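The file structure-v7.csv contains CSV, C-alpha atoms (C1' of nucleotides):
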chain,number,residue,atom,x,y,z
K,1,MET,CA,9.2,10.9,-6.9
K,2,VAL,CA,12.6,11.0,-8.4
K,3,ALA,CA,13.9,7.8,-6.8
K,4,ARG,CA,12.8,7.2,-3.3
K,5,ARG,CA,15.7,7.5,-1.0
K,6,SER,CA,17.1,4.2,0.1
K,7,LEU,CA,18.0,3.7,3.7
K,8,LYS,CA,20.2,0.7,3.0
K,9,GLY,CA,23.2,2.7,4.2
K,10,ASP,CA,21.6,3.9,7.4
K,11,TYR,CA,23.2,2.6,10.6
K,12,CYS,CA,19.8,2.3,12.3
K,13,PRO,CA,18.5,-1.2,12.0
K,14,SER,CA,14.9,0.0,12.1
K,15,ALA,CA,15.5,2.1,9.1
K,16,ARG,CA,17.0,-0.7,7.2
K,17,SER,CA,14.0,-2.9,8.0
K,18,LEU,CA,11.7,-0.2,6.8
K,19,ASP,CA,13.8,0.1,3.7
K,20,ALA,CA,13.3,-3.7,3.1
K,21,ILE,CA,9.6,-4.0,4.0
K,22,GLY,CA,8.3,-0.5,4.8
K,23,ASP,CA,6.3,0.1,1.7
K,24,TRP,CA,2.6,0.0,1.6
K,25,TRP,CA,2.0,-3.6,0.5
K,26,SER,CA,4.9,-5.7,1.6
K,27,LEU,CA,3.9,-6.2,5.2
K,28,LEU,CA,0.4,-6.9,4.3
K,29,ILE,CA,1.6,-9.7,2.0
K,30,VAL,CA,3.8,-11.0,4.8
K,31,ARG,CA,0.8,-10.9,7.1
K,32,ASP,CA,-1.2,-13.0,4.6
K,33,ALA,CA,1.7,-15.3,4.3
K,34,PHE,CA,1.7,-15.8,8.1
K,35,ASP,CA,-2.0,-16.5,7.8
K,36,GLY,CA,-1.2,-19.3,5.4
K,37,LEU,CA,-1.8,-17.8,2.0
K,38,ARG,CA,0.6,-19.0,-0.6
K,39,ARG,CA,-0.9,-18.4,-4.1
K,40,PHE,CA,-0.7,-15.3,-6.3
K,41,SER,CA,-4.5,-15.3,-6.6
K,42,ASP,CA,-5.0,-15.7,-2.9
K,43,PHE,CA,-2.9,-12.6,-2.1
K,44,GLN,CA,-4.6,-10.8,-4.9
K,45,LYS,CA,-8.1,-11.6,-3.6
K,46,SER,CA,-7.2,-11.0,0.0
K,47,LEU,CA,-5.6,-7.6,-0.6
K,48,GLY,CA,-7.3,-6.2,-3.6
K,49,ILE,CA,-3.9,-5.1,-4.9
K,50,ALA,CA,-3.4,-4.5,-8.6
K,51,LYS,CA,-1.9,-7.6,-10.2
K,52,ASN,CA,1.1,-5.9,-11.7
K,53,ILE,CA,2.0,-4.4,-8.3
K,54,LEU,CA,1.5,-7.7,-6.6
K,55,THR,CA,3.9,-9.2,-9.2
K,56,GLU,CA,6.5,-6.6,-8.4
K,57,ARG,CA,6.1,-6.9,-4.7
K,58,LEU,CA,6.3,-10.7,-4.6
K,59,ARG,CA,9.4,-10.5,-6.8
K,60,THR,CA,11.0,-8.0,-4.5
K,61,LEU,CA,10.2,-10.0,-1.4
K,62,VAL,CA,11.7,-13.1,-3.0
K,63,ASP,CA,14.8,-11.1,-4.0
K,64,ARG,CA,15.2,-9.9,-0.4
K,65,GLY,CA,15.0,-13.4,0.9
K,66,ILE,CA,11.7,-12.9,2.8
K,67,LEU,CA,9.6,-15.1,0.6
K,68,GLU,CA,10.7,-18.1,-1.6
K,69,THR,CA,8.9,-19.7,-4.5
K,70,VAL,CA,8.0,-23.4,-4.3
K,71,PRO,CA,7.0,-25.1,-7.6
K,72,VAL,CA,3.6,-26.6,-7.5
K,73,GLY,CA,2.8,-29.7,-9.5
K,74,GLU,CA,5.2,-31.0,-12.1
K,75,THR,CA,5.5,-27.9,-14.1
K,76,LYS,CA,7.4,-24.7,-13.3
K,77,ALA,CA,4.7,-22.4,-14.5
K,78,ARG,CA,2.8,-22.5,-11.2
K,79,VAL,CA,4.5,-21.5,-8.0
K,80,GLU,CA,3.6,-20.9,-4.5
K,81,TYR,CA,5.1,-18.3,-2.2
K,82,GLN,CA,6.1,-19.1,1.3
K,83,LEU,CA,8.0,-17.4,4.1
K,84,THR,CA,11.7,-18.1,4.4
K,85,ALA,CA,13.3,-18.5,7.8
K,86,MET,CA,14.2,-14.8,7.5
K,87,GLY,CA,10.6,-14.0,6.6
K,88,ARG,CA,9.4,-15.9,9.7
K,89,ASP,CA,11.6,-13.7,11.8
K,90,LEU,CA,9.2,-10.9,10.9
K,91,PHE,CA,6.7,-12.5,13.3
K,92,PRO,CA,7.5,-10.2,16.2
K,93,VAL,CA,6.9,-7.2,13.9
K,94,MET,CA,3.5,-8.6,13.0
K,95,VAL,CA,2.7,-9.2,16.6
K,96,ALA,CA,3.8,-5.7,17.6
K,97,LEU,CA,1.6,-4.2,14.9
K,98,ARG,CA,-1.2,-6.4,16.0
K,99,GLN,CA,-0.9,-5.4,19.6
K,100,PHE,CA,-0.8,-1.7,18.8
K,101,GLY,CA,-3.9,-2.1,16.6
K,102,GLU,CA,-5.8,-4.1,19.2
K,103,ARG,CA,-5.0,-1.5,21.8
K,104,HIS,CA,-5.7,1.7,19.9
K,105,LEU,CA,-7.6,1.1,16.6
K,106,PHE,CA,-10.7,-0.8,17.7
K,107,GLN,CA,-13.8,0.3,19.5
K,108,PRO,CA,-14.5,-1.6,22.6
K,109,GLY,CA,-16.4,-4.6,21.7
K,110,GLU,CA,-15.6,-4.3,18.0
K,111,GLU,CA,-15.0,-7.6,16.3
K,112,HIS,CA,-11.4,-8.5,15.6
K,113,SER,CA,-9.1,-11.4,15.2
K,114,LEU,CA,-6.9,-12.6,18.0
K,115,LEU,CA,-3.6,-14.4,18.1
K,116,VAL,CA,-3.5,-17.2,20.6
K,117,GLU,CA,-1.4,-20.2,21.6
K,118,LYS,CA,-2.7,-23.3,19.8
K,119,GLN,CA,-2.6,-25.5,22.8
K,120,THR,CA,-4.1,-23.4,25.5
K,121,GLY,CA,-6.0,-20.7,23.6
K,122,LEU,CA,-4.2,-18.1,25.6
K,123,PRO,CA,-3.6,-14.7,24.0
K,124,VAL,CA,-0.1,-14.0,22.7
K,125,LYS,CA,1.6,-10.9,24.1
K,126,LEU,CA,4.8,-9.3,23.3
K,127,ASP,CA,7.1,-7.7,25.7
K,128,ILE,CA,10.4,-6.0,25.9
K,129,ARG,CA,13.1,-7.1,28.2
K,130,THR,CA,16.7,-6.8,28.9
K,131,GLN,CA,18.9,-9.6,27.7
K,132,ASP,CA,18.8,-11.2,31.1
K,133,GLY,CA,15.0,-11.2,31.1
K,134,ARG,CA,13.9,-8.3,33.2
K,135,PRO,CA,10.8,-6.5,31.7
K,136,ILE,CA,11.7,-2.9,30.8
K,137,GLU,CA,9.9,0.3,29.8
K,138,ALA,CA,10.7,2.4,26.7
K,139,ASP,CA,11.9,5.3,28.8
K,140,GLU,CA,14.5,3.2,30.5
K,141,THR,CA,16.2,2.5,27.3
K,142,VAL,CA,18.7,4.5,25.3
K,143,LEU,CA,20.4,4.1,21.9
K,144,ILE,CA,24.1,3.8,21.7
K,145,LYS,CA,26.4,3.5,18.8
K,146,VAL,CA,28.3,0.3,18.4
K,147,PRO,CA,31.5,1.1,16.6
K,148,GLU,CA,32.3,-2.4,15.5
K,149,ASP,CA,32.3,-5.9,16.8
O,1,MET,CA,-3.8,5.7,-7.9
O,2,VAL,CA,-7.5,6.0,-7.6
O,3,ALA,CA,-7.6,6.3,-3.8
O,4,ARG,CA,-5.4,3.8,-2.1
O,5,ARG,CA,-7.5,1.2,-0.4
O,6,SER,CA,-8.1,1.9,3.3
O,7,LEU,CA,-7.9,-1.0,5.7
O,8,LYS,CA,-9.8,0.9,8.5
O,9,GLY,CA,-12.6,-1.6,8.2
O,10,ASP,CA,-10.4,-4.7,8.3
O,11,TYR,CA,-10.9,-6.9,11.3
O,12,CYS,CA,-7.2,-7.6,11.5
O,13,PRO,CA,-5.4,-5.4,14.0
O,14,SER,CA,-2.1,-5.5,12.1
O,15,ALA,CA,-3.9,-4.3,9.0
O,16,ARG,CA,-5.4,-1.4,10.8
O,17,SER,CA,-2.0,-0.5,12.3
O,18,LEU,CA,-0.5,-0.5,8.8
O,19,ASP,CA,-3.4,1.6,7.6
O,20,ALA,CA,-2.4,4.1,10.3
O,21,ILE,CA,1.3,4.1,10.1
O,22,GLY,CA,2.2,1.8,7.2
O,23,ASP,CA,3.2,4.3,4.7
O,24,TRP,CA,6.7,5.1,3.7
O,25,TRP,CA,7.6,7.9,6.0
O,26,SER,CA,5.4,7.7,9.1
O,27,LEU,CA,7.3,5.1,11.0
O,28,LEU,CA,10.6,6.8,10.2
O,29,ILE,CA,9.2,10.0,11.7
O,30,VAL,CA,8.1,8.0,14.7
O,31,ARG,CA,11.6,6.5,15.0
O,32,ASP,CA,13.1,10.0,15.0
O,33,ALA,CA,10.6,11.1,17.6
O,34,PHE,CA,11.7,8.2,19.8
O,35,ASP,CA,15.3,9.4,19.2
O,36,GLY,CA,14.3,12.7,20.6
O,37,LEU,CA,13.7,14.8,17.5
O,38,ARG,CA,10.9,17.3,17.9
O,39,ARG,CA,11.3,20.1,15.3
O,40,PHE,CA,10.1,20.2,11.8
O,41,SER,CA,13.5,21.1,10.5
O,42,ASP,CA,15.1,18.3,12.5
O,43,PHE,CA,12.9,15.7,10.9
O,44,GLN,CA,13.5,17.3,7.6
O,45,LYS,CA,17.2,17.2,7.9
O,46,SER,CA,17.3,13.7,9.4
O,47,LEU,CA,15.1,12.1,6.8
O,48,GLY,CA,15.7,14.1,3.7
O,49,ILE,CA,12.0,14.1,3.1
O,50,ALA,CA,10.4,16.8,0.9
O,51,LYS,CA,9.0,19.5,3.1
O,52,ASN,CA,5.5,19.4,1.7
O,53,ILE,CA,5.3,15.7,2.4
O,54,LEU,CA,6.7,16.1,5.9
O,55,THR,CA,4.0,18.7,6.5
O,56,GLU,CA,1.3,16.3,5.4
O,57,ARG,CA,2.7,13.4,7.4
O,58,LEU,CA,3.1,15.4,10.6
O,59,ARG,CA,-0.5,16.6,10.2
O,60,THR,CA,-1.7,13.1,9.7
O,61,LEU,CA,0.2,11.7,12.6
O,62,VAL,CA,-1.2,14.4,14.8
O,63,ASP,CA,-4.7,13.8,13.5
O,64,ARG,CA,-4.3,10.1,14.3
O,65,GLY,CA,-3.2,10.8,17.9
O,66,ILE,CA,0.3,9.5,17.5
O,67,LEU,CA,2.0,12.9,17.7
O,68,GLU,CA,0.9,16.1,19.4
O,69,THR,CA,2.1,19.6,18.9
O,70,VAL,CA,3.5,21.6,21.8
O,71,PRO,CA,3.8,25.4,21.4
O,72,VAL,CA,7.4,26.6,21.7
O,73,GLY,CA,8.0,30.0,23.1
O,74,GLU,CA,5.3,32.6,23.6
O,75,THR,CA,3.9,32.5,20.1
O,76,LYS,CA,1.9,29.9,18.4
O,77,ALA,CA,3.7,30.1,15.2
O,78,ARG,CA,6.4,27.7,16.3
O,79,VAL,CA,5.6,24.2,17.5
O,80,GLU,CA,7.3,21.0,18.4
O,81,TYR,CA,6.0,17.5,17.8
O,82,GLN,CA,6.2,14.9,20.4
O,83,LEU,CA,4.8,11.4,20.8
O,84,THR,CA,1.6,11.0,22.6
O,85,ALA,CA,0.9,8.0,25.0
O,86,MET,CA,-0.5,6.2,22.0
O,87,GLY,CA,2.6,7.1,19.9
O,88,ARG,CA,4.8,5.7,22.6
O,89,ASP,CA,2.9,2.5,22.4
O,90,LEU,CA,4.6,2.0,19.0
O,91,PHE,CA,7.8,1.3,20.9
O,92,PRO,CA,7.5,-2.5,20.5
O,93,VAL,CA,7.0,-2.0,16.8
O,94,MET,CA,10.2,-0.1,16.6
O,95,VAL,CA,12.1,-2.6,18.7
O,96,ALA,CA,10.7,-5.5,16.5
O,97,LEU,CA,11.9,-3.7,13.4
O,98,ARG,CA,15.2,-3.0,14.9
O,99,GLN,CA,15.7,-6.6,16.0
O,100,PHE,CA,14.9,-7.9,12.5
O,101,GLY,CA,17.2,-5.4,11.0
O,102,GLU,CA,20.1,-6.2,13.3
O,103,ARG,CA,19.6,-9.9,12.6
O,104,HIS,CA,19.3,-9.8,8.9
O,105,LEU,CA,20.3,-6.6,7.3
O,106,PHE,CA,23.8,-6.0,8.6
O,107,GLN,CA,27.0,-7.6,7.7
O,108,PRO,CA,28.8,-9.1,10.6
O,109,GLY,CA,30.9,-6.4,12.2
O,110,GLU,CA,29.1,-3.6,10.4
O,111,GLU,CA,28.5,-0.5,12.5
O,112,HIS,CA,25.0,0.0,13.8
O,113,SER,CA,23.2,1.5,16.7
O,114,LEU,CA,22.1,-0.6,19.6
O,115,LEU,CA,19.2,-0.2,22.0
O,116,VAL,CA,20.2,-0.8,25.6
O,117,GLU,CA,18.9,-0.3,29.1
O,118,LYS,CA,20.1,3.0,30.5
O,119,GLN,CA,21.1,1.7,33.9
O,120,THR,CA,23.0,-1.5,33.0
O,121,GLY,CA,23.8,-1.0,29.3
O,122,LEU,CA,22.3,-4.4,28.6
O,123,PRO,CA,20.8,-4.9,25.1
O,124,VAL,CA,17.1,-4.8,24.9
O,125,LYS,CA,15.3,-7.8,23.5
O,126,LEU,CA,11.8,-8.4,22.5
O,127,ASP,CA,10.0,-11.6,23.0
O,128,ILE,CA,6.7,-13.3,22.5
O,129,ARG,CA,4.9,-15.0,25.3
O,130,THR,CA,1.6,-16.2,26.3
O,131,GLN,CA,-0.5,-14.0,28.6
O,132,ASP,CA,0.8,-16.1,31.5
O,133,GLY,CA,4.4,-15.4,30.6
O,134,ARG,CA,5.7,-18.5,28.8
O,135,PRO,CA,7.9,-17.8,25.8
O,136,ILE,CA,6.3,-19.2,22.6
O,137,GLU,CA,7.3,-19.7,19.0
O,138,ALA,CA,5.4,-18.4,16.0
O,139,ASP,CA,4.3,-21.8,14.9
O,140,GLU,CA,2.7,-22.5,18.2
O,141,THR,CA,0.2,-19.8,17.6
O,142,VAL,CA,-3.0,-19.5,15.7
O,143,LEU,CA,-5.4,-16.7,14.7
O,144,ILE,CA,-8.9,-16.9,16.0
O,145,LYS,CA,-11.9,-14.8,15.4
O,146,VAL,CA,-13.3,-12.9,18.4
O,147,PRO,CA,-17.0,-12.4,17.7
O,148,GLU,CA,-17.4,-9.7,20.3
O,149,ASP,CA,-16.5,-8.9,23.8
M,1,DT,C1',-12.7,-31.0,-26.2
M,2,DA,C1',-14.2,-26.7,-24.3
M,3,DT,C1',-14.1,-23.7,-20.6
M,4,DT,C1',-12.3,-21.8,-16.8
M,5,DT,C1',-8.6,-20.6,-13.7
M,6,DC,C1',-3.9,-19.1,-12.9
M,7,DG,C1',-0.2,-16.2,-13.1
M,8,DG,C1',1.0,-13.0,-14.9
M,9,DT,C1',2.2,-8.5,-18.8
M,10,DT,C1',0.9,-4.3,-21.1
M,11,DT,C1',-1.3,0.1,-21.5
M,12,DA,C1',-3.3,4.3,-20.2
M,13,DA,C1',-5.1,7.2,-16.5
M,14,DT,C1',-4.7,9.0,-12.0
M,15,DA,C1',-2.5,9.8,-7.5
M,16,DA,C1',1.5,10.4,-4.6
M,17,DT,C1',6.0,12.2,-4.1
M,18,DG,C1',9.9,15.1,-4.8
M,19,DA,C1',12.5,19.3,-5.8
M,20,DA,C1',12.6,23.9,-6.1
M,21,DA,C1',10.9,28.4,-5.6
M,22,DC,C1',8.6,31.2,-2.7
M,23,DC,C1',6.9,33.4,1.7
M,24,DA,C1',5.8,35.6,6.4
M,25,DA,C1',7.0,35.4,11.1
M,26,DA,C1',10.4,34.6,14.4
M,27,DT,C1',15.1,34.6,15.7
M,28,DT,C1',19.8,35.6,15.5
M,29,DT,C1',23.6,38.5,14.1
M,30,DA,C1',26.0,42.7,13.4
X,1,DT,C1',18.0,48.3,16.0
X,2,DA,C1',18.6,47.0,11.3
X,3,DA,C1',19.9,43.3,8.5
X,4,DA,C1',20.4,38.6,7.8
X,5,DT,C1',19.2,34.1,8.7
X,6,DT,C1',16.3,30.4,10.3
X,7,DT,C1',11.9,28.2,10.8
X,8,DG,C1',7.9,26.2,9.3
X,9,DG,C1',5.7,25.9,6.1
X,10,DT,C1',2.8,26.6,0.9
X,11,DT,C1',2.6,26.4,-4.1
X,12,DT,C1',3.8,24.8,-8.5
X,13,DC,C1',5.5,21.6,-11.6
X,14,DA,C1',7.9,17.4,-13.1
X,15,DT,C1',8.5,12.7,-12.1
X,16,DT,C1',7.4,8.2,-10.3
X,17,DA,C1',4.1,4.8,-8.4
X,18,DT,C1',-0.2,2.7,-8.3
X,19,DT,C1',-4.4,1.4,-10.3
X,20,DA,C1',-7.9,-0.6,-13.4
X,21,DA,C1',-8.7,-2.8,-17.3
X,22,DA,C1',-7.7,-5.4,-21.2
X,23,DC,C1',-5.1,-9.0,-22.7
X,24,DC,C1',-2.4,-13.4,-22.9
X,25,DG,C1',-0.5,-18.4,-22.9
X,26,DA,C1',-0.2,-22.4,-20.1
X,27,DA,C1',-2.5,-25.4,-16.9
X,28,DA,C1',-6.4,-27.3,-14.8
X,29,DT,C1',-11.1,-28.6,-14.8
X,30,DA,C1',-15.6,-29.9,-16.8
Would you encode the structure as structure tokens?
Amino acid sequence: MVARRSLKGDYCPSARSLDAIGDWWSLLIVRDAFDGLRRFSDFQKSLGIAKNILTERLRTLVDRGILETVPVGETKARVEYQLTAMGRDLFPVMVALRQFGERHLFQPGEEHSLLVEKQTGLPVKLDIRTQDGRPIEADETVLIKVPED
Amino acid sequence: MVARRSLKGDYCPSARSLDAIGDWWSLLIVRDAFDGLRRFSDFQKSLGIAKNILTERLRTLVDRGILETVPVGETKARVEYQLTAMGRDLFPVMVALRQFGERHLFQPGEEHSLLVEKQTGLPVKLDIRTQDGRPIEADETVLIKVPED
DNA sequence: TATTTCGGTTTAATAATGAAACCAAATTTA
DNA sequence: TAAATTTGGTTTCATTATTAAACCGAAATA
């Protein structure tokens, strides 16, 4: 593989996000974290990931500020992993992936999980709007270059 | 690697999405496709991806219905790749990744691209709402299991 | 106290990726 | 129109990433 190319220097924010969490396991770990998992063994059981890889991924996610460790009990040998504020900001990414999956990757009537509002039980949707709140379609948008603030 | 675990059977729509487009290159190709790239060589130049890997990824994305080939010219030896309707439904995923990147992965004042509405030049935002349109926070949501439709 | 669980690390095998060389068909240039 | 270049790959080989399995000490549980 000769050092996978980093996109840290890319001016495209999507590319930088993918550089940070675009590998095979990281977003699945984040998904599990949103589902409330916190322990090494829980992630390992949930994902079936090799333990050394999980170790490395958790370390990277912590390094990048997406997860943080919380000592459990008196000792420092046991830790839990939880989302940081930055990590919680990945929520829209998760919802977007979920929405795409629901729409395109399930047979009609096939069992799947659903994200709903706690209080009302209403399904959660995601939509794209202009800053002033008008819903907008993809083809009404365009990328511009921002020179600097 | 002994066959990377497939998540096709997972009941979580996010996991299925990641199974479909969660590898290192696919979403970057999709991003480029949203940016208007269509030719093999354009993707190759843009991403710096090895050609054999690009070949394989394009084929997979076509197989999965995210891209489709369009013959260019009279012959069938040259093709272009364009997003299908399903592929275009990945737009919210791209916007979510972009929003996360903008928020967390750039220094203040650092140059980056920006997604705006064509007509007004207003920045595009993404938000999460209930089905009936009320904006909602991540911690007000919960996953439920849908047995069947 | 003995046993099991937890959170890893190490090792060896296998799979995925990358770089480079190569190629035929199409296109462009001279 | 002949030659050179571009396009869209394929093949081969070296390197890196991932896996499974064995192992480990500390902590928790029985």
Give me the chain K side of the contact with chain X, cut-off 12 Å, one line per residue showing its nearest atom pair and distance in Å at one decimal, counting all atoms listed in the file, sorted by chain and residue number, as CSV.
residue,atom,partner,partner_atom,distance
K:Met1,CA,X:DT16,C1',4.7
K:Val2,CA,X:DT15,C1',5.8
K:Ala3,CA,X:DT16,C1',7.4
K:Arg4,CA,X:DT16,C1',8.9
K:Asp23,CA,X:DA17,C1',11.4
K:Trp24,CA,X:DT18,C1',10.6
K:Trp25,CA,X:DT18,C1',11.0
K:Gly48,CA,X:DT19,C1',10.5
K:Ile49,CA,X:DT19,C1',8.5
K:Ala50,CA,X:DT19,C1',6.2
K:Lys51,CA,X:DT19,C1',9.3
K:Asn52,CA,X:DT19,C1',9.2
K:Ile53,CA,X:DT18,C1',7.4
K:Leu54,CA,X:DT18,C1',10.7
K:Glu56,CA,X:DT18,C1',11.5
K:Val72,CA,X:DA27,C1',11.3
K:Gly73,CA,X:DA27,C1',10.1
K:Glu74,CA,X:DA27,C1',10.7
K:Thr75,CA,X:DA27,C1',8.8
K:Lys76,CA,X:DA26,C1',10.5
K:Ala77,CA,X:DA26,C1',7.4
K:Arg78,CA,X:DA27,C1',8.3
K:Val79,CA,X:DA27,C1',12.0
For the selection you just gave me, I'd like the residues written to a file as a tab-separated table (two decimals), in the coordinates of the input, keeping C-alpha atoms.
chain	number	residue	atom	x	y	z
K	1	MET	CA	9.20	10.90	-6.90
K	2	VAL	CA	12.60	11.00	-8.40
K	3	ALA	CA	13.90	7.80	-6.80
K	4	ARG	CA	12.80	7.20	-3.30
K	23	ASP	CA	6.30	0.10	1.70
K	24	TRP	CA	2.60	0.00	1.60
K	25	TRP	CA	2.00	-3.60	0.50
K	48	GLY	CA	-7.30	-6.20	-3.60
K	49	ILE	CA	-3.90	-5.10	-4.90
K	50	ALA	CA	-3.40	-4.50	-8.60
K	51	LYS	CA	-1.90	-7.60	-10.20
K	52	ASN	CA	1.10	-5.90	-11.70
K	53	ILE	CA	2.00	-4.40	-8.30
K	54	LEU	CA	1.50	-7.70	-6.60
K	56	GLU	CA	6.50	-6.60	-8.40
K	72	VAL	CA	3.60	-26.60	-7.50
K	73	GLY	CA	2.80	-29.70	-9.50
K	74	GLU	CA	5.20	-31.00	-12.10
K	75	THR	CA	5.50	-27.90	-14.10
K	76	LYS	CA	7.40	-24.70	-13.30
K	77	ALA	CA	4.70	-22.40	-14.50
K	78	ARG	CA	2.80	-22.50	-11.20
K	79	VAL	CA	4.50	-21.50	-8.00
> So which residues fall inside 7 Å of (-2.5, -10.0, 3.0) if we count only C-alpha atoms (C1' of nucleotides)? Mind giving them as a VMD selection string?
Replying inline: chain K and resid 28 to 33 43 46 to 47
> Could you state the separation of CA of Thr84 (chain K) and CA of Leu67 (chain K) in Å, given to one decimal place?
Replying inline: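 That distance, rounded to one decimal, is 5.3 Å.
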>> Just the number, please: distance in Å from C1' of DG7 (chain M) to CA of Ser41 (chain K), one decimal.
In response: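 We find that C1' of DG7 (chain M) and CA of Ser41 (chain K) lie 7.8 Å from each other.
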> Counting all atoms listed in the file, which residues of chain O come no farther than 6 Å from chain K, as a ChimeraX atom specification?
Replying inline: /O:11-14,17,22-24,92-93,96-98,101-102,109,111-118,123-131,140-149
> Could you list, as a PyMOL selection string, every residue of chain M that has an atom within 8 Å of an atom of chain O, counting all atoms listed in the file?
Replying inline: chain M and resi 14-19+25
Please produce a file of the residues just selected, as a tab-separated table (two decimals), in the frame of the given file, where the atoms kept are C-alpha atoms (C1' of nucleotides).
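Dumped everything to selection.tsv:
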chain	number	residue	atom	x	y	z
M	14	DT	C1'	-4.70	9.00	-12.00
M	15	DA	C1'	-2.50	9.80	-7.50
M	16	DA	C1'	1.50	10.40	-4.60
M	17	DT	C1'	6.00	12.20	-4.10
M	18	DG	C1'	9.90	15.10	-4.80
M	19	DA	C1'	12.50	19.30	-5.80
M	25	DA	C1'	7.00	35.40	11.10
> Rounded to one decimal in Å, what is the spacing between CA of Gln82 (chain K) and CA of Thr69 (chain K)?
Replying inline: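 Atom-to-atom, CA of Gln82 (chain K) to CA of Thr69 (chain K), that is 6.5 Å.
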